[in-house]
Structure formats: C-alpha cells, structure tokens
Amino acid sequence: MSAKRRGVEFSVLVVQKYGGTSVGSTERIRVVANRVQRVVSEGHHCVVVVSAMGHSTDALVDLANELVPRADLREMDSLLSTGEQVSASLLAMRLIHLGCPAKSLTGWQAGIETEAVHGNARIAAIETATLRSLIDKGIVPIVTGFQGIADGEITTLGRGGSDTSAVALAAALSADVCEIYTDVDGVYTTDPRVVKTARKLDRVSYDEMLELANLGAQVLHPRAVENAKHFAVPLVVRSSFTEEEGTKVVAMTENRMEERHVVTGIAFERQVARIAVIGVPLEQHGLASVFSELAEHGVNVDVIVQSVVGEATVDVSFTVNEPDVERAVDIVQGLKSKLGFARVESESNLAKVSIVGAGMISNPGVAAQMFVTLRDANIFVQMVSTSEIKVSCVIPAGAVEAAVQALHHTFVDANSEVAVSAN
C-alpha cells in the first residue's frame with residue numbers, strides 16, 4: 001500500500017479487521033501477519049482488529065449450554081470475550097517474531113467504552129490515548145473486536161461486533177481507510193452460490209450497503225455500515241485469501257449516480273414467518289399495544305401490512321424471524337383479552353427477496369417490473385415493503401432461489417455495467 005500527495009509519498013493510517021475464517025488457524029494467522037507486516041514495511045501505520053478463531057465462539061456457547069439452560073449475561077460476556085483474546089495474542093506473537101513490534105489489547109485496554117448492556121452493547125466512546133501512544137512508537141495495536149467495558153465490566157457488542165469495533169476505531173482515530181477482511185473478495189450483485197452470473201462490484205454506496213446488510217447480505221453488519229456512513233469512514237471489503245482489490249463502500253456522490261443502473265443488488269433472507277392479527281378494534285389502539293409488547297420482549301418485526309376491514313376493525317400482518325414465531329404468537333395471544341381481537345394466525349416456510357439500488361429514486365415502474373418478473377416465474381407475492389431505494393417481497397421459502405435468479409436476470413444480467421451488490 002502506498003499513497004501520494006503531489007508525487008510525494010506519505011504515511012497513512014489503516015485499520016484492518018480480520019474475521020474468524022481469516023484467523024481460523026495458525027497458518028491463516030501467519031498469512032495475516034505477513035499482510036500487516038507489509039503495510040508497516042511500506043512506512044504506514046496499522047491498527048488491527050480481530051475476531052475469534054473460526055467457530056470458537058460457537059464452541060464457548062456450547063460449553064455454557066451444557067452447564068446451564070440460560071447463562072447469566074454478565075458471565076456470558078466474560079466467557080465469550082476470551083475468544084478474541086486468543087486471536088489477538090497469537091497474531092501479536094507472530095508479528096513480534098517477524099520483527100514487527102506489536103501489542104495485543106483487549107477492548108477495555110484499547111479504550112472502548114460501551115453502554116452498560118450485556119450481550120448487545122453499543123459503543124459509547126473511545127479513549128484513544130493508549131492507541132495513539134503505541135502508533136507513535138511504531139507498535140501495531142492488535143485489538144480484540146466484539147467487546148468493550150462499562151462500569152468496570154466486560155461487555156460484548158453482539159452479532160457483527162468486530163466489524164463495528166473496527167469502524168468505530170477507524171472513526172475515533174481518523175484513519176485513512178478501514179479494510180474489512182473476510183472469506184469473500186468483495187460485495188457481489190447477489191450470492192454467487194445462488195446465481196452463477198453474480199459479479200463483484202468495484203464500489204457501493206453506504207445507503208445501498210446498509211439496505212443490503214439489513215436485507216440479508218452477510219458481508220458487513222448493518223451497525224458497522226451505519227457508523228461508517230455517519231462518520232464518513234472509507235470502507236473496503238476484501239478477502240484475506242487473495243490479493244484482489246475488493247469493493248469500496250463510499251458516499252453516494254462518489255458513486256457517479258448518473259452512470260448507475262436502477263437496481264444494483266439482489267438480497268434475500270430465509271427463515272421468515274408471517275403473523276396475522278385479525279379483527280383488531282380501532283378504538284383500542286391495538287396496533288400500538290401489539291408492537292410495543294413485541295419490542296419489549298426483543299422480537300424484531302420487519303414487514304408490516306395493515307388492511308381496514310370495516311369501520312371498527314383492522315387486520316394487521318407482519319413478519320418475524322422464523323425461530324421467533326412461536327414466542328411472538330404467544331406474546332400477541334396474551335393481549336387478546338385486553339384488546340378484543342378475533343384471532344391470531346401464523347405461517348412459516350417463507351422468505352424475503354429484495355431489489356436495492358439508488359437509481360430507483362428517480363425511476364418509476366421498478367416495483368411493477370419486479371412483480372411482473374415474479375409473476376412470470378409463477379412466484380406468489382404475499383407481502384410487500386418499500387423504501388426509496390429498495391422493494392422487498394415476502395414469498396414462499398421454496399421459491400427463493402428461483403426468485404433471486406429471475407430478478408438477477410431481469411435487473412442485472414441485462415445490464416453489463418452494473419455498479420453495486422449483495423452477497
């Protein structure tokens with residue numbers, strides 16, 4: 001890596017994050033160490049954030065489950081935080097062996113302060129004095145992702161926490177770039193395992209990437225993208241297994257909107273369930289009660305459709321993750337005597353497929369084209385949700401691959417110079 005201003009090379013600060021597959025073995029850690037050493041040897045500064053090795057977090061969860069049916073959240077955070085410490089220490093050892101000064105740091109040692117929530121905390125602030133001191137001394141900080149500290153207690157950031165750690169550190173340190181290394185070589189127009197013609201994109205906007213991440217793409221966590229957009233952190237998604245350039249996540253103005261195609265990616269999500277509450281009396285303000293109760297119990301609600309049946313009642317349907325459907329039905333049933341609705345229905349074995357693209361803002365008729373494509377593929381649409389840059393349809397789970405392939409053919413394959421994607 002090198003950078004120049006007016007022909008003169010200058011030092012840049014790079015934050016690199018390596019996921020579990022990238023540090024999944026000692027051999028992989030050797031490769032990562034070589035990559036980090038190369039950045040330093042070019043005269044640049046580097047801060048590294050690591051996930052736990054491979055499936056070690058799952059193994060720790062399994063150990064806890066063998067002992068107790070429901071682990072104490074404080075102790076669970078203390079347990080799970082050890083996974084990243086193993087990766088950080090091993091990588092630091094290897095770098096020191098290669099003659100590259102390095103030091104492993106836990107989240108709290110790196111100054112990452114969070115809200116006082118166990119299991120899914122949000123970063124509140126980062127005290128960068130320790131990190132800046134190490135950087136100034138030419139020492140590479142190796143920071144454990146996924147964790148921080150609140151009131152002297154270890155906290156974890158939840159799913160995708162290492163991505164969030166890396167972006168937050170890049171923002172706090174005003175890094176020149178944040179590189180997210182994973183087992184894929186960038187962001188694709190859709191999952192290449194489902195569509196063989198899926199293509200890697202050179203760049204994608206923050207807004208599009210945020211929609212794709214929320215709609216099922218697994219490359220980046222939504223919280224990381226949200227923070228990157230808010231703090232204007234330049235992101236690059238790359239593979240730690242190749243030397244490919246990867247995909248840049250940038251501001252919309254950098255994405256040459258006038259040159260972009262209308263739809264830039266197809267995302268999908270399996271394991272969707274629909275719940276319908278029939279005959280909700282209007283005077284009871286039942287919808288507020290239903291969704292407030294679900295939120296209080298931590299049930300994430302996605303697509304919502306309301307239909308007015310008569311002057312006095314409404315029917316409302318909404319989707320949840322399939323593993324949550326039984327719990328969600330029980331929660332809603334518990335409100336029946338209070339709200340006086342007629343009944344609750346549920347349906348599983350559904351999926352959600354979405355088209356995403358900034359060009360949809362100024363191009364009417366995209367939704368109609370999506371519906372025609374699904375109709376021609378004999379795929380029944382049960383629910384629809386839209387925003388300025390996406391249209392999502394709930395469909396039978398068994399039709400999801402056919403739907404993705406048909407939509408990709410219509411919106412991407414027909415345009416040879418597409419500019420954005422999902423994986």
# chains A, B, ... in the order shown; residues from 1 in each chain; ligands from 1

call {"tool": "residues_around", "arguments": {"residues": "Asp376 in chain A", "least_positions_apart": "5", "cutoff": "12 Å", "atoms": "only C-alpha atoms", "output": "JSON, numbers by chain"}}
result
{"A": [369, 370, 371, 381, 402, 403, 406, 407, 410]}

call {"tool": "write_last_selection", "arguments": {"atoms": "all heavy atoms", "output": "compact mmCIF listing (two decimals), in the first residue's frame"}}
result
# COMPACT_ATOMS: atom_id res chain seq x y z
N GLN A 369 -42.03 -3.79 -12.46
CA GLN A 369 -41.18 -4.73 -13.20
C GLN A 369 -40.80 -5.92 -12.33
O GLN A 369 -40.73 -7.07 -12.80
CB GLN A 369 -39.93 -4.02 -13.71
CG GLN A 369 -39.13 -4.84 -14.71
CD GLN A 369 -37.97 -4.05 -15.30
OE1 GLN A 369 -37.70 -2.92 -14.88
NE2 GLN A 369 -37.27 -4.64 -16.26
N MET A 370 -40.58 -5.67 -11.04
CA MET A 370 -40.27 -6.76 -10.11
C MET A 370 -41.46 -7.71 -10.01
O MET A 370 -41.29 -8.94 -10.06
CB MET A 370 -39.93 -6.19 -8.74
CG MET A 370 -39.58 -7.25 -7.70
SD MET A 370 -39.23 -6.50 -6.08
CE MET A 370 -38.53 -7.91 -5.20
N PHE A 371 -42.66 -7.17 -9.85
CA PHE A 371 -43.85 -8.01 -9.72
C PHE A 371 -44.10 -8.82 -10.99
O PHE A 371 -44.49 -9.99 -10.93
CB PHE A 371 -45.08 -7.15 -9.39
CG PHE A 371 -44.94 -6.35 -8.12
CD1 PHE A 371 -45.54 -5.10 -8.02
CD2 PHE A 371 -44.20 -6.82 -7.05
CE1 PHE A 371 -45.41 -4.35 -6.85
CE2 PHE A 371 -44.05 -6.08 -5.89
CZ PHE A 371 -44.66 -4.84 -5.79
N VAL A 381 -46.52 -13.49 -4.48
CA VAL A 381 -46.07 -12.46 -3.55
C VAL A 381 -47.13 -12.29 -2.46
O VAL A 381 -48.29 -11.98 -2.75
CB VAL A 381 -45.84 -11.12 -4.27
CG1 VAL A 381 -45.47 -10.02 -3.27
CG2 VAL A 381 -44.73 -11.26 -5.32
N ALA A 402 -35.28 -19.44 -7.13
CA ALA A 402 -35.84 -19.12 -8.44
C ALA A 402 -36.12 -17.62 -8.55
O ALA A 402 -35.91 -17.00 -9.60
CB ALA A 402 -37.12 -19.92 -8.68
N ALA A 403 -36.60 -17.03 -7.46
CA ALA A 403 -36.89 -15.60 -7.46
C ALA A 403 -35.62 -14.78 -7.63
O ALA A 403 -35.58 -13.83 -8.43
CB ALA A 403 -37.60 -15.21 -6.16
N ALA A 406 -34.37 -15.11 -11.21
CA ALA A 406 -35.20 -14.37 -12.17
C ALA A 406 -34.96 -12.87 -12.06
O ALA A 406 -34.83 -12.16 -13.06
CB ALA A 406 -36.67 -14.70 -11.94
N LEU A 407 -34.89 -12.35 -10.83
CA LEU A 407 -34.69 -10.92 -10.63
C LEU A 407 -33.30 -10.49 -11.08
O LEU A 407 -33.12 -9.42 -11.65
CB LEU A 407 -34.93 -10.55 -9.17
CG LEU A 407 -36.38 -10.69 -8.68
CD1 LEU A 407 -36.45 -10.57 -7.17
CD2 LEU A 407 -37.27 -9.64 -9.34
N THR A 410 -33.33 -10.19 -14.79
CA THR A 410 -34.06 -9.01 -15.27
C THR A 410 -33.31 -7.72 -15.03
O THR A 410 -33.19 -6.87 -15.92
CB THR A 410 -35.44 -8.92 -14.58
OG1 THR A 410 -36.22 -10.06 -14.95
CG2 THR A 410 -36.17 -7.65 -14.97

call {"tool": "residues_around", "arguments": {"residues": "Asn34 in chain A", "least_positions_apart": "5", "cutoff": "12 Å", "atoms": "only C-alpha atoms", "output": "PDB file with N, CA and C atoms, in the first residue's frame"}}
result
ATOM      1  N   GLU A  27      -1.864 -21.278  10.440  1.00  0.00           N
ATOM      2  CA  GLU A  27      -1.414 -20.974   9.088  1.00  0.00           C
ATOM      3  C   GLU A  27      -2.053 -19.689   8.575  1.00  0.00           C
ATOM      4  N   ARG A  28      -3.359 -19.519   8.848  1.00  0.00           N
ATOM      5  CA  ARG A  28      -4.042 -18.296   8.430  1.00  0.00           C
ATOM      6  C   ARG A  28      -3.478 -17.084   9.175  1.00  0.00           C
ATOM      7  N   ILE A  29      -3.138 -17.255  10.443  1.00  0.00           N
ATOM      8  CA  ILE A  29      -2.566 -16.155  11.222  1.00  0.00           C
ATOM      9  C   ILE A  29      -1.206 -15.744  10.655  1.00  0.00           C
ATOM     10  N   VAL A  39       2.221  -3.774   5.204  1.00  0.00           N
ATOM     11  CA  VAL A  39       1.740  -2.396   5.352  1.00  0.00           C
ATOM     12  C   VAL A  39       2.747  -1.568   6.140  1.00  0.00           C
ATOM     13  N   VAL A  40       3.246  -2.132   7.232  1.00  0.00           N
ATOM     14  CA  VAL A  40       4.204  -1.413   8.085  1.00  0.00           C
ATOM     15  C   VAL A  40       5.519  -1.184   7.344  1.00  0.00           C
ATOM     16  N   SER A  41       5.958  -2.180   6.587  1.00  0.00           N
ATOM     17  CA  SER A  41       7.230  -2.054   5.864  1.00  0.00           C
ATOM     18  C   SER A  41       7.168  -0.979   4.793  1.00  0.00           C
ATOM     19  N   LEU A  91      -1.622 -13.423  17.032  1.00  0.00           N
ATOM     20  CA  LEU A  91      -1.180 -12.561  15.937  1.00  0.00           C
ATOM     21  C   LEU A  91      -0.055 -11.647  16.404  1.00  0.00           C
ATOM     22  N   ALA A  92      -0.167 -11.097  17.613  1.00  0.00           N
ATOM     23  CA  ALA A  92       0.905 -10.241  18.144  1.00  0.00           C
ATOM     24  C   ALA A  92       2.215 -11.022  18.278  1.00  0.00           C
ATOM     25  N   ARG A  94       3.198 -13.572  16.519  1.00  0.00           N
ATOM     26  CA  ARG A  94       3.768 -13.821  15.194  1.00  0.00           C
ATOM     27  C   ARG A  94       4.420 -12.560  14.635  1.00  0.00           C
ATOM     28  N   LEU A  95       3.785 -11.410  14.807  1.00  0.00           N
ATOM     29  CA  LEU A  95       4.354 -10.165  14.305  1.00  0.00           C
ATOM     30  C   LEU A  95       5.674  -9.838  15.007  1.00  0.00           C
ATOM     31  N   ILE A  96       5.700 -10.010  16.319  1.00  0.00           N
ATOM     32  CA  ILE A  96       6.939  -9.758  17.067  1.00  0.00           C
ATOM     33  C   ILE A  96       8.053 -10.676  16.570  1.00  0.00           C
ATOM     34  N   HIS A  97       7.711 -11.949  16.297  1.00  0.00           N
ATOM     35  CA  HIS A  97       8.684 -12.910  15.775  1.00  0.00           C
ATOM     36  C   HIS A  97       9.234 -12.447  14.428  1.00  0.00           C
ATOM     37  N   LEU A  98       8.387 -11.779  13.632  1.00  0.00           N
ATOM     38  CA  LEU A  98       8.815 -11.302  12.315  1.00  0.00           C
ATOM     39  C   LEU A  98       9.574  -9.988  12.401  1.00  0.00           C
ATOM     40  N   GLY A  99       9.747  -9.475  13.611  1.00  0.00           N
ATOM     41  CA  GLY A  99      10.469  -8.225  13.777  1.00  0.00           C
ATOM     42  C   GLY A  99       9.601  -6.994  13.662  1.00  0.00           C
ATOM     43  N   CYS A 100       8.292  -7.194  13.714  1.00  0.00           N
ATOM     44  CA  CYS A 100       7.340  -6.083  13.630  1.00  0.00           C
ATOM     45  C   CYS A 100       6.759  -5.849  15.022  1.00  0.00           C
ATOM     46  N   SER A 240      -9.050 -12.059   2.717  1.00  0.00           N
ATOM     47  CA  SER A 240      -7.712 -12.292   3.270  1.00  0.00           C
ATOM     48  C   SER A 240      -7.033 -13.478   2.590  1.00  0.00           C
TER      49      SER A 240
END

call {"tool": "residues_around", "arguments": {"residues": "Asn120 in chain A", "least_positions_apart": "3", "cutoff": "12 Å", "atoms": "only C-alpha atoms", "output": "list in words"}}
result
Leu73, Arg74, Met76, Asp77, Thr114, Glu115, Ala116, Val117, Ile123, Phe146, Gln147, Gly148, Ile154, Thr155, Thr156, Leu157, Gly158, Arg159, Gly160, Gly161, Thr164, Arg223 and Gly298 of chain A

call {"tool": "residues_around", "arguments": {"residues": "Lys103 in chain A", "least_positions_apart": "4", "cutoff": "9 Å", "atoms": "only C-alpha atoms", "output": "list of chain:residue names"}}
result
A:Ala88, A:Ser89, A:Ala92, A:Met93, A:Ile96, A:Leu134, A:Ile139, A:Val140, A:Pro141, A:Ile142, A:Val143

call {"tool": "select_by_dssp", "arguments": {"residues": "range 131-249 of chain A", "states": "alpha helix (DSSP H)", "output": "ChimeraX atom specification"}}
result
/A:131-136,161-172,206-214,222-231

call {"tool": "write_last_selection", "arguments": {"atoms": "N, CA and C atoms", "output": "short mmCIF file (atom, residue, chain, number, x, y, z; two decimals), in the first residue's frame"}}
result
data_model
loop_
_atom_site.label_atom_id
_atom_site.label_comp_id
_atom_site.auth_asym_id
_atom_site.auth_seq_id
_atom_site.Cartn_x
_atom_site.Cartn_y
_atom_site.Cartn_z
N LEU A 131 -3.88 3.89 22.25
CA LEU A 131 -3.65 3.50 20.86
C LEU A 131 -2.72 4.48 20.17
N ARG A 132 -2.95 5.77 20.36
CA ARG A 132 -2.10 6.77 19.70
C ARG A 132 -0.66 6.68 20.19
N SER A 133 -0.49 6.39 21.48
CA SER A 133 0.86 6.25 22.01
C SER A 133 1.60 5.10 21.36
N LEU A 134 0.91 3.96 21.20
CA LEU A 134 1.53 2.81 20.55
C LEU A 134 1.84 3.10 19.09
N ILE A 135 0.89 3.73 18.40
CA ILE A 135 1.10 4.06 16.99
C ILE A 135 2.31 4.98 16.83
N ASP A 136 2.41 5.99 17.68
CA ASP A 136 3.52 6.93 17.60
C ASP A 136 4.87 6.24 17.84
N GLY A 161 -20.07 -7.72 15.88
CA GLY A 161 -19.43 -6.76 16.75
C GLY A 161 -18.02 -6.38 16.35
N SER A 162 -17.28 -7.30 15.73
CA SER A 162 -15.90 -6.97 15.33
C SER A 162 -15.89 -5.96 14.19
N ASP A 163 -16.82 -6.07 13.24
CA ASP A 163 -16.96 -5.06 12.20
C ASP A 163 -17.21 -3.69 12.83
N THR A 164 -18.12 -3.67 13.81
CA THR A 164 -18.47 -2.42 14.47
C THR A 164 -17.28 -1.85 15.22
N SER A 165 -16.52 -2.72 15.90
CA SER A 165 -15.31 -2.27 16.60
C SER A 165 -14.34 -1.60 15.64
N ALA A 166 -14.12 -2.23 14.50
CA ALA A 166 -13.14 -1.72 13.54
C ALA A 166 -13.55 -0.35 13.00
N VAL A 167 -14.81 -0.21 12.63
CA VAL A 167 -15.28 1.07 12.08
C VAL A 167 -15.22 2.15 13.15
N ALA A 168 -15.61 1.81 14.37
CA ALA A 168 -15.57 2.80 15.45
C ALA A 168 -14.14 3.26 15.73
N LEU A 169 -13.19 2.34 15.74
CA LEU A 169 -11.79 2.70 15.95
C LEU A 169 -11.28 3.56 14.80
N ALA A 170 -11.65 3.20 13.58
CA ALA A 170 -11.23 4.00 12.42
C ALA A 170 -11.76 5.43 12.52
N ALA A 171 -13.01 5.56 12.98
CA ALA A 171 -13.59 6.90 13.13
C ALA A 171 -12.88 7.67 14.24
N ALA A 172 -12.65 7.02 15.37
CA ALA A 172 -12.02 7.70 16.51
C ALA A 172 -10.59 8.13 16.21
N TYR A 206 -22.92 3.82 0.82
CA TYR A 206 -23.28 3.49 2.20
C TYR A 206 -24.75 3.11 2.29
N ASP A 207 -25.62 3.91 1.66
CA ASP A 207 -27.07 3.66 1.76
C ASP A 207 -27.44 2.30 1.18
N GLU A 208 -26.89 1.99 0.03
CA GLU A 208 -27.20 0.70 -0.59
C GLU A 208 -26.65 -0.45 0.25
N MET A 209 -25.42 -0.30 0.74
CA MET A 209 -24.83 -1.35 1.55
C MET A 209 -25.62 -1.56 2.84
N LEU A 210 -26.13 -0.47 3.41
CA LEU A 210 -26.93 -0.58 4.63
C LEU A 210 -28.21 -1.34 4.36
N GLU A 211 -28.88 -1.04 3.26
CA GLU A 211 -30.09 -1.78 2.89
C GLU A 211 -29.76 -3.25 2.65
N LEU A 212 -28.71 -3.51 1.90
CA LEU A 212 -28.34 -4.89 1.60
C LEU A 212 -28.02 -5.66 2.87
N ALA A 213 -27.29 -5.03 3.79
CA ALA A 213 -26.95 -5.69 5.04
C ALA A 213 -28.19 -5.99 5.87
N ASN A 214 -29.12 -5.04 5.91
CA ASN A 214 -30.36 -5.25 6.66
C ASN A 214 -31.26 -6.29 6.02
N PRO A 222 -24.99 -4.38 9.64
CA PRO A 222 -25.64 -3.07 9.48
C PRO A 222 -25.10 -1.99 10.40
N ARG A 223 -24.81 -2.33 11.66
CA ARG A 223 -24.31 -1.31 12.59
C ARG A 223 -22.97 -0.74 12.13
N ALA A 224 -22.12 -1.59 11.57
CA ALA A 224 -20.83 -1.12 11.07
C ALA A 224 -21.02 -0.17 9.90
N VAL A 225 -21.91 -0.51 8.99
CA VAL A 225 -22.17 0.36 7.83
C VAL A 225 -22.78 1.68 8.29
N GLU A 226 -23.71 1.60 9.21
CA GLU A 226 -24.35 2.81 9.74
C GLU A 226 -23.33 3.76 10.34
N ASN A 227 -22.41 3.22 11.13
CA ASN A 227 -21.36 4.05 11.74
C ASN A 227 -20.40 4.59 10.69
N ALA A 228 -20.08 3.77 9.70
CA ALA A 228 -19.18 4.23 8.64
C ALA A 228 -19.78 5.41 7.89
N LYS A 229 -21.07 5.32 7.60
CA LYS A 229 -21.75 6.42 6.91
C LYS A 229 -21.77 7.67 7.78
N HIS A 230 -22.11 7.50 9.06
CA HIS A 230 -22.24 8.66 9.95
C HIS A 230 -20.92 9.40 10.12
N PHE A 231 -19.82 8.65 10.20
CA PHE A 231 -18.51 9.27 10.44
C PHE A 231 -17.67 9.37 9.16
#

call {"tool": "residues_around", "arguments": {"residues": "Gly24 in chain A", "least_positions_apart": "3", "cutoff": "9 Å", "atoms": "only C-alpha atoms", "output": "list in words"}}
result
Gly19, Gly20, Thr21, Glu27, Arg28, Ile29, Ala52, Met53, Gly54, His55, Ser56 and Ser87 of chain A

call {"tool": "closest_residue", "arguments": {"among": "A:Arg375, A:Ser307, A:Thr242, A:Gly216", "to": "Ser392 in chain A", "atoms": "only C-alpha atoms"}}
result
A:Gly216

call {"tool": "atom_distance", "arguments": {"atom1": "CA of Pro323 in chain A", "atom2": "CA of Val384 in chain A"}}
result
21.2 Å
